[in-house]
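Q: Structure incoming, see below.
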Amino acid sequence: MEMRPVRMARWSARHPWRAIVGWFVFVLLCLGAGIAAGSNPATTKDFWVGEAGHAESMATDGGLQRRPTEHILIRAKSGPLDTERATAAARDLTTRMGALPEVGSVAPPVRSKDGTALRVTVVMNGAELDAKKNVVPLLDRTAQVAAAHPDLIVEETGSPAISKGVNDQRGEDLALSERLSLPVTLVILLIVFGSVVMAGVPLLLALSSIAATMGLAMLASHLMPDPGVGTNMILLMGLAVGVDYTLFYLKREREERARAAGRLSPEALVELAAATAGRAVVVSGLAVIVCTATLYLATDVIFSSLATGTILVVAVAVLSSLTVLPALLVKLGHRTERRTAKKAARRAKRGAPAAAQPPKAGKPENGRVFGSLMRPAQRHPAITLCVSVLVMLAVAAPALGLKLIDPGKDTFSRSIPAMQVYDRLTAAFPELLVKHEVVARSTSDRAREVRQALTELGRTAQADPLFARTSQPVVRTSADGRISVLELAVPHPAPSNEAIASLDHLRERYIPDTIGRMESADTAVSGDVARGRDYVHHERSKLPLVIGFLLLLTFVTTAVSFRSVIVGLLGVLLNLLSAAAALGALVLVFQGTWAEGLLDFDSLGAIASRVPLFLFVLLFGLSMDYQVFVVSRIKEAMEHGMTAREAVVDGIDRSAKVVTSAALVMVTIFAAFVFLHLTEMKQMGFCLAVAVLLDAVVIRMMILPSALLLLGERAWRPLRRPRRGVPGAPSASPLRHVG
């Protein structure tokens, strides 16, 4: 394991052009294979969860599944609605829509209770998830009708139009995040390296890793369907870890170059960096992959897609840092040697004195800011540990009041035109806000009895003020008589307490008192509220399993990598502390309303249900990144004969600047997501940015060194003694010296 990065780096250093060309051929092959194979999108059944999923499965079995539906709202531009003109526009709309192959049926126009609007409902053909692509012709027809009737306002909304709007907005948001994060990342790298060429190397490798992963993700979607969220994670994590891994490797190569003072060739310097930073990159990447793999235990198509995207992009980023990066460093090293030789020749020709020797590597790189941050842990470790832990616990405290919600269309940004129309539609027709779908399955000979029971259920529910009072409940029955569906309207938005209470009344009282008495009937409830509630319950039920495996795998990975049980336990505890603090900050900012104007969002009064579990897993992986790099430096110093205390001080001192620089890159990338429109993405970006910042500054520069200084030699009691001759130190690698 320890020798493999060195072997790979040695081969790449000796055959740089082969390695460089081979890498870009690999990227093109991955991308080409993915494009040729295409993506396998997730279908509606891939999202079925809990009772709601069971209801939808039964409805689909009977051909009564939910159909994608659009609503066209016709209003007057000013004053009362002219009924004759509105009816003419509705007829025109019905004719135009009926001619489209994407349209299954067009319902007769319905007038609002206050008489200010007319609604035409259009049921689309095809699957529910395909509707956002198929809705474009319908939107075009609506625009044509609006142009033909300029005295009226004709506008369209519905789940397909809203999904298309959200999709378009997500694409614009991602482009915005790239425009924000790439320049700032480049500036940070320029500050760190002081060279445009060296700053461009991490970005080049990160972007090429992302391109290769895009193709691999398309291929992987044929094993696990793609719900359309994996691309976001590939871009986010690819840029973050791709830059980080390259940054750590580059900094180590530069350090070895300064230590060698021109006595070693570029090939030897790359081999030295591979023996230390290369191994750390491999261990770090493995830790992130292992942590992220626990998301598969959630048995959720979205989490599985996020896990696959993250694992693939981290693996490709590690591969790039072990193959093409050493080759690029060798070519850049030779270029630097030639430039140095030319400068020396010109100075000699002019009779100028020789250039000063580069600074010794043992000299600390960190300035006053880093020194002041590290000083408390070195001088007063016990006090620093207690104060830092108490501060982190205080930040984590709001997480105790965490509330989860499954964000539906009612929570989407109102900057989407279809959402603005949706608000006007539901104001005129509040019964369209929420619909519960009661699905019952029995034998065909009992179809009449089932319909009667469902009709009784409908009357009972409509007597409840939480439900909309409409006409006689309508029950739809499959052709074979086995499946029946009852729809019940609720005039309250999906995330509201009233809508949730109506679902509870339906499941816990009305169904058991009516159709639930039929022993042979299998009954379940679906709909937007039921989907969200069941999804949140599903995630909560999987949380202990995911967290348990996450803690176990984190401990095993750390303990085996550093041959220390204490370091393994310490890593788990610090990761928990970091994740808890980030979650507490997330709840404090997004669950209330005080920061709405500051961060430009509308509070949901809760946190999106997918955010905590995903962030907990991802933050463990990212925390392991810094844990590996910092502890590797400390372990390396001990292997060179330093005492435990000396090694901690030296390791933290040497890694502080590069870890903080890497953290700033990640914070920049994640913070860019705070400027997006989708509240769920804002929450993810904010939490990740806060977590990385706290982990790099508070955990790695204060709590970790304080704990290790207090533990002393006890922290490094190995599981087994390292074998002699294992190359872990720079001096252990066979090097070619130059004169």
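Going by the structure tokens order, chains are called A, B, ..., each with residues numbered from 1, while ligands are numbered from 1 in the order shown.
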What's around Gly278 in chain A at 7 Å? Count only C-alpha atoms, leave out sequence neighbours fewer than 4 positions away in its own chain, and write the answer as an mmCIF file with N, CA and C atoms, in the first residue's frame.

A:
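Generated file (out_5.cif):
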```
data_model
loop_
_atom_site.group_PDB
_atom_site.id
_atom_site.type_symbol
_atom_site.label_atom_id
_atom_site.label_comp_id
_atom_site.auth_asym_id
_atom_site.auth_seq_id
_atom_site.Cartn_x
_atom_site.Cartn_y
_atom_site.Cartn_z
ATOM 1 N N PRO A 5 1.867 4.158 -4.416
ATOM 2 C CA PRO A 5 1.952 5.542 -4.914
ATOM 3 C C PRO A 5 3.341 5.895 -5.417
ATOM 4 N N TYR A 249 -0.283 17.619 -2.728
ATOM 5 C CA TYR A 249 0.850 17.013 -3.435
ATOM 6 C C TYR A 249 1.834 18.088 -3.899
ATOM 7 N N ALA A 273 7.812 13.231 -2.839
ATOM 8 C CA ALA A 273 6.458 13.692 -2.533
ATOM 9 C C ALA A 273 5.469 12.538 -2.541
ATOM 10 N N ALA A 274 5.664 11.578 -3.461
ATOM 11 C CA ALA A 274 4.759 10.430 -3.540
ATOM 12 C C ALA A 274 4.852 9.546 -2.304
ATOM 13 N N VAL A 282 -4.025 8.823 -1.002
ATOM 14 C CA VAL A 282 -4.698 7.536 -1.152
ATOM 15 C C VAL A 282 -5.536 7.222 0.084
ATOM 16 N N LEU A 322 -2.000 10.700 -8.631
ATOM 17 C CA LEU A 322 -0.947 9.679 -8.589
ATOM 18 C C LEU A 322 -0.342 9.382 -9.960
#
```

Q: Do you know which residues are at most 8 Å from Val648 in chain A counting only C-alpha atoms, after dropping those on the same chain fewer than 6 positions away, and could you put them as a list in words?

A: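 So, after excluding close chain neighbours, the residues are Ile634, Pro705, Leu708 and Leu709 of chain A.
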
Q: With a distance cut-off of 12 Å and only C-alpha atoms, select the neighbouring residues of Glu431 in chain A, excluding the residue or stretch itself and same-chain residues fewer than 5 positions from it, and output the selection as a PyMOL selection string.

A: chain A and resi 112-113+425-426+436+462+466-471+487-494+499

Q: For range 151-154 of chain A, please output as a list of chain:residue names all residues within 9 Å (counting only C-alpha atoms; exclusion window: fewer than 5 positions along the same chain).

A: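 The residues that qualify are A:Ile72, A:Leu73, A:Ile74, A:Arg75, A:Ala76, A:Lys77, A:Ser78, A:Leu81, A:Asp82, A:Arg85, A:Ala86, A:Ala89, A:Thr142, A:Ala143, A:Val145, A:Ala146.
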
Q: Rounded to one decimal, what separation in Å do you get between CA of Ser159 in chain A and CA of Ser105 in chain A?

A: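 We find that CA of Ser159 in chain A and CA of Ser105 in chain A lie 16.4 Å from each other.
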
Q: Have a look at CA of Phe601 in chain A and CA of Phe686 in chain A and let me know their distance in Å, one decimal.

A: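 Separating CA of Phe601 in chain A from CA of Phe686 in chain A is a distance of 12.3 Å.
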
Q: Which of these, A:Val241, A:Leu100, A:Val692, A:Leu272, has the shortest distance to Arg259 in chain A once you count only C-alpha atoms?

A: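 For Arg259 in chain A, the nearest of the given residues is A:Leu272.
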
Q: Run DSSP on the backbone and give me the residues of range 103-247 of chain A it puts in strand (DSSP E), as number ranges by chain.

A: A: 103-106, 110-111, 117-124, 152-158

Q: Go ahead and dump the residues you just picked, all heavy atoms, as a compact mmCIF listing (two decimals), in the first residue's frame.

A:
```
# COMPACT_ATOMS: atom_id res chain seq x y z
N VAL A 103 -50.72 15.35 -25.12
CA VAL A 103 -51.92 15.59 -24.32
C VAL A 103 -52.84 14.37 -24.39
O VAL A 103 -53.16 13.87 -25.47
CB VAL A 103 -52.66 16.85 -24.81
CG1 VAL A 103 -54.01 16.99 -24.10
CG2 VAL A 103 -51.80 18.08 -24.55
N GLY A 104 -53.28 13.92 -23.20
CA GLY A 104 -54.20 12.80 -23.14
C GLY A 104 -55.65 13.25 -23.16
O GLY A 104 -56.48 12.67 -23.86
N SER A 105 -55.97 14.29 -22.39
CA SER A 105 -57.35 14.78 -22.34
C SER A 105 -57.35 16.23 -21.85
O SER A 105 -56.42 16.67 -21.17
CB SER A 105 -58.20 13.92 -21.41
OG SER A 105 -57.72 13.99 -20.07
N VAL A 106 -58.41 16.95 -22.23
CA VAL A 106 -58.61 18.33 -21.78
C VAL A 106 -59.98 18.41 -21.14
O VAL A 106 -61.00 18.10 -21.77
CB VAL A 106 -58.51 19.33 -22.95
CG1 VAL A 106 -58.66 20.76 -22.44
CG2 VAL A 106 -57.19 19.16 -23.69
N VAL A 110 -63.50 25.30 -15.72
CA VAL A 110 -64.13 25.42 -14.41
C VAL A 110 -63.97 26.86 -13.94
O VAL A 110 -62.88 27.43 -13.98
CB VAL A 110 -63.48 24.45 -13.39
CG1 VAL A 110 -64.10 24.64 -12.00
CG2 VAL A 110 -63.63 23.02 -13.86
N ARG A 111 -65.07 27.45 -13.46
CA ARG A 111 -65.05 28.83 -12.99
C ARG A 111 -64.76 28.86 -11.50
O ARG A 111 -65.25 28.02 -10.74
CB ARG A 111 -66.40 29.48 -13.28
CG ARG A 111 -66.43 31.00 -13.10
CD ARG A 111 -67.83 31.54 -13.45
NE ARG A 111 -67.91 32.98 -13.32
CZ ARG A 111 -67.60 33.83 -14.29
NH1 ARG A 111 -67.19 33.36 -15.46
NH2 ARG A 111 -67.69 35.13 -14.10
N ALA A 117 -61.79 33.98 -12.34
CA ALA A 117 -60.87 33.18 -13.15
C ALA A 117 -61.57 31.96 -13.71
O ALA A 117 -62.57 31.47 -13.15
CB ALA A 117 -59.66 32.76 -12.32
N LEU A 118 -61.00 31.47 -14.81
CA LEU A 118 -61.46 30.24 -15.45
C LEU A 118 -60.27 29.30 -15.54
O LEU A 118 -59.16 29.73 -15.85
CB LEU A 118 -62.00 30.56 -16.85
CG LEU A 118 -63.06 29.61 -17.44
CD1 LEU A 118 -64.33 29.65 -16.60
CD2 LEU A 118 -63.38 30.02 -18.88
N ARG A 119 -60.51 28.03 -15.24
CA ARG A 119 -59.41 27.06 -15.24
C ARG A 119 -59.70 25.94 -16.23
O ARG A 119 -60.80 25.39 -16.26
CB ARG A 119 -59.25 26.46 -13.84
CG ARG A 119 -58.11 25.47 -13.74
CD ARG A 119 -58.09 24.75 -12.39
NE ARG A 119 -58.85 23.52 -12.39
CZ ARG A 119 -59.84 23.23 -11.57
NH1 ARG A 119 -60.24 24.13 -10.69
NH2 ARG A 119 -60.47 22.08 -11.63
N VAL A 120 -58.66 25.61 -17.02
CA VAL A 120 -58.73 24.47 -17.93
C VAL A 120 -57.65 23.49 -17.52
O VAL A 120 -56.47 23.84 -17.44
CB VAL A 120 -58.52 24.90 -19.40
CG1 VAL A 120 -58.54 23.68 -20.31
CG2 VAL A 120 -59.58 25.90 -19.82
N THR A 121 -58.05 22.25 -17.23
CA THR A 121 -57.11 21.22 -16.78
C THR A 121 -56.75 20.31 -17.94
O THR A 121 -57.64 19.81 -18.64
CB THR A 121 -57.73 20.40 -15.63
OG1 THR A 121 -58.01 21.27 -14.53
CG2 THR A 121 -56.78 19.31 -15.17
N VAL A 122 -55.45 20.08 -18.12
CA VAL A 122 -54.94 19.26 -19.21
C VAL A 122 -54.17 18.09 -18.62
O VAL A 122 -53.22 18.29 -17.85
CB VAL A 122 -54.02 20.07 -20.14
CG1 VAL A 122 -53.47 19.18 -21.25
CG2 VAL A 122 -54.74 21.26 -20.71
N VAL A 123 -54.58 16.88 -18.93
CA VAL A 123 -53.89 15.67 -18.48
C VAL A 123 -52.96 15.21 -19.59
O VAL A 123 -53.39 15.03 -20.74
CB VAL A 123 -54.88 14.56 -18.12
CG1 VAL A 123 -54.14 13.30 -17.68
CG2 VAL A 123 -55.82 15.02 -17.00
N MET A 124 -51.69 15.01 -19.24
CA MET A 124 -50.69 14.67 -20.24
C MET A 124 -50.51 13.16 -20.36
O MET A 124 -50.81 12.39 -19.43
CB MET A 124 -49.35 15.32 -19.86
CG MET A 124 -49.38 16.83 -19.83
SD MET A 124 -47.81 17.55 -19.28
CE MET A 124 -46.70 16.96 -20.57
N LEU A 152 -57.00 39.24 -22.42
CA LEU A 152 -57.03 38.32 -21.28
C LEU A 152 -55.61 37.93 -20.88
O LEU A 152 -54.67 38.04 -21.66
CB LEU A 152 -57.82 37.05 -21.63
CG LEU A 152 -59.32 37.21 -21.93
CD1 LEU A 152 -59.88 35.90 -22.48
CD2 LEU A 152 -60.09 37.65 -20.69
N ILE A 153 -55.47 37.45 -19.64
CA ILE A 153 -54.21 36.86 -19.18
C ILE A 153 -54.39 35.35 -19.19
O ILE A 153 -55.25 34.80 -18.48
CB ILE A 153 -53.85 37.34 -17.76
CG1 ILE A 153 -53.64 38.85 -17.75
CG2 ILE A 153 -52.60 36.62 -17.27
CD1 ILE A 153 -53.39 39.41 -16.36
N VAL A 154 -53.63 34.68 -20.04
CA VAL A 154 -53.68 33.21 -20.15
C VAL A 154 -52.31 32.68 -19.76
O VAL A 154 -51.31 32.96 -20.43
CB VAL A 154 -54.05 32.77 -21.58
CG1 VAL A 154 -54.17 31.25 -21.64
CG2 VAL A 154 -55.34 33.43 -22.03
N GLU A 155 -52.25 31.93 -18.68
CA GLU A 155 -50.96 31.46 -18.15
C GLU A 155 -51.10 30.04 -17.63
O GLU A 155 -52.19 29.59 -17.25
CB GLU A 155 -50.46 32.40 -17.05
CG GLU A 155 -51.50 32.72 -16.00
CD GLU A 155 -51.09 33.86 -15.09
OE1 GLU A 155 -50.02 34.45 -15.32
OE2 GLU A 155 -51.86 34.18 -14.16
N GLU A 156 -49.97 29.33 -17.60
CA GLU A 156 -49.98 27.89 -17.32
C GLU A 156 -49.10 27.54 -16.13
O GLU A 156 -48.03 28.14 -15.92
CB GLU A 156 -49.50 27.13 -18.56
CG GLU A 156 -49.49 25.60 -18.41
CD GLU A 156 -49.07 24.90 -19.69
OE1 GLU A 156 -49.08 25.55 -20.76
OE2 GLU A 156 -48.71 23.70 -19.61
N THR A 157 -49.55 26.57 -15.37
CA THR A 157 -48.75 26.03 -14.28
C THR A 157 -49.14 24.56 -14.08
O THR A 157 -50.00 24.03 -14.75
CB THR A 157 -48.95 26.84 -12.98
OG1 THR A 157 -48.01 26.40 -12.00
CG2 THR A 157 -50.36 26.64 -12.42
N GLY A 158 -48.49 23.94 -13.14
CA GLY A 158 -48.69 22.51 -12.87
C GLY A 158 -47.36 21.88 -12.53
O GLY A 158 -46.30 22.49 -12.74
```

Q: Check the DSSP output for the backbone and give back, as a PyMOL selection string, the residues of range 489-719 of chain A in helix (DSSP H, G or I).

A: chain A and resi 497-513+515-517+528-562+565-590+596-599+610-639+644-675+679-716
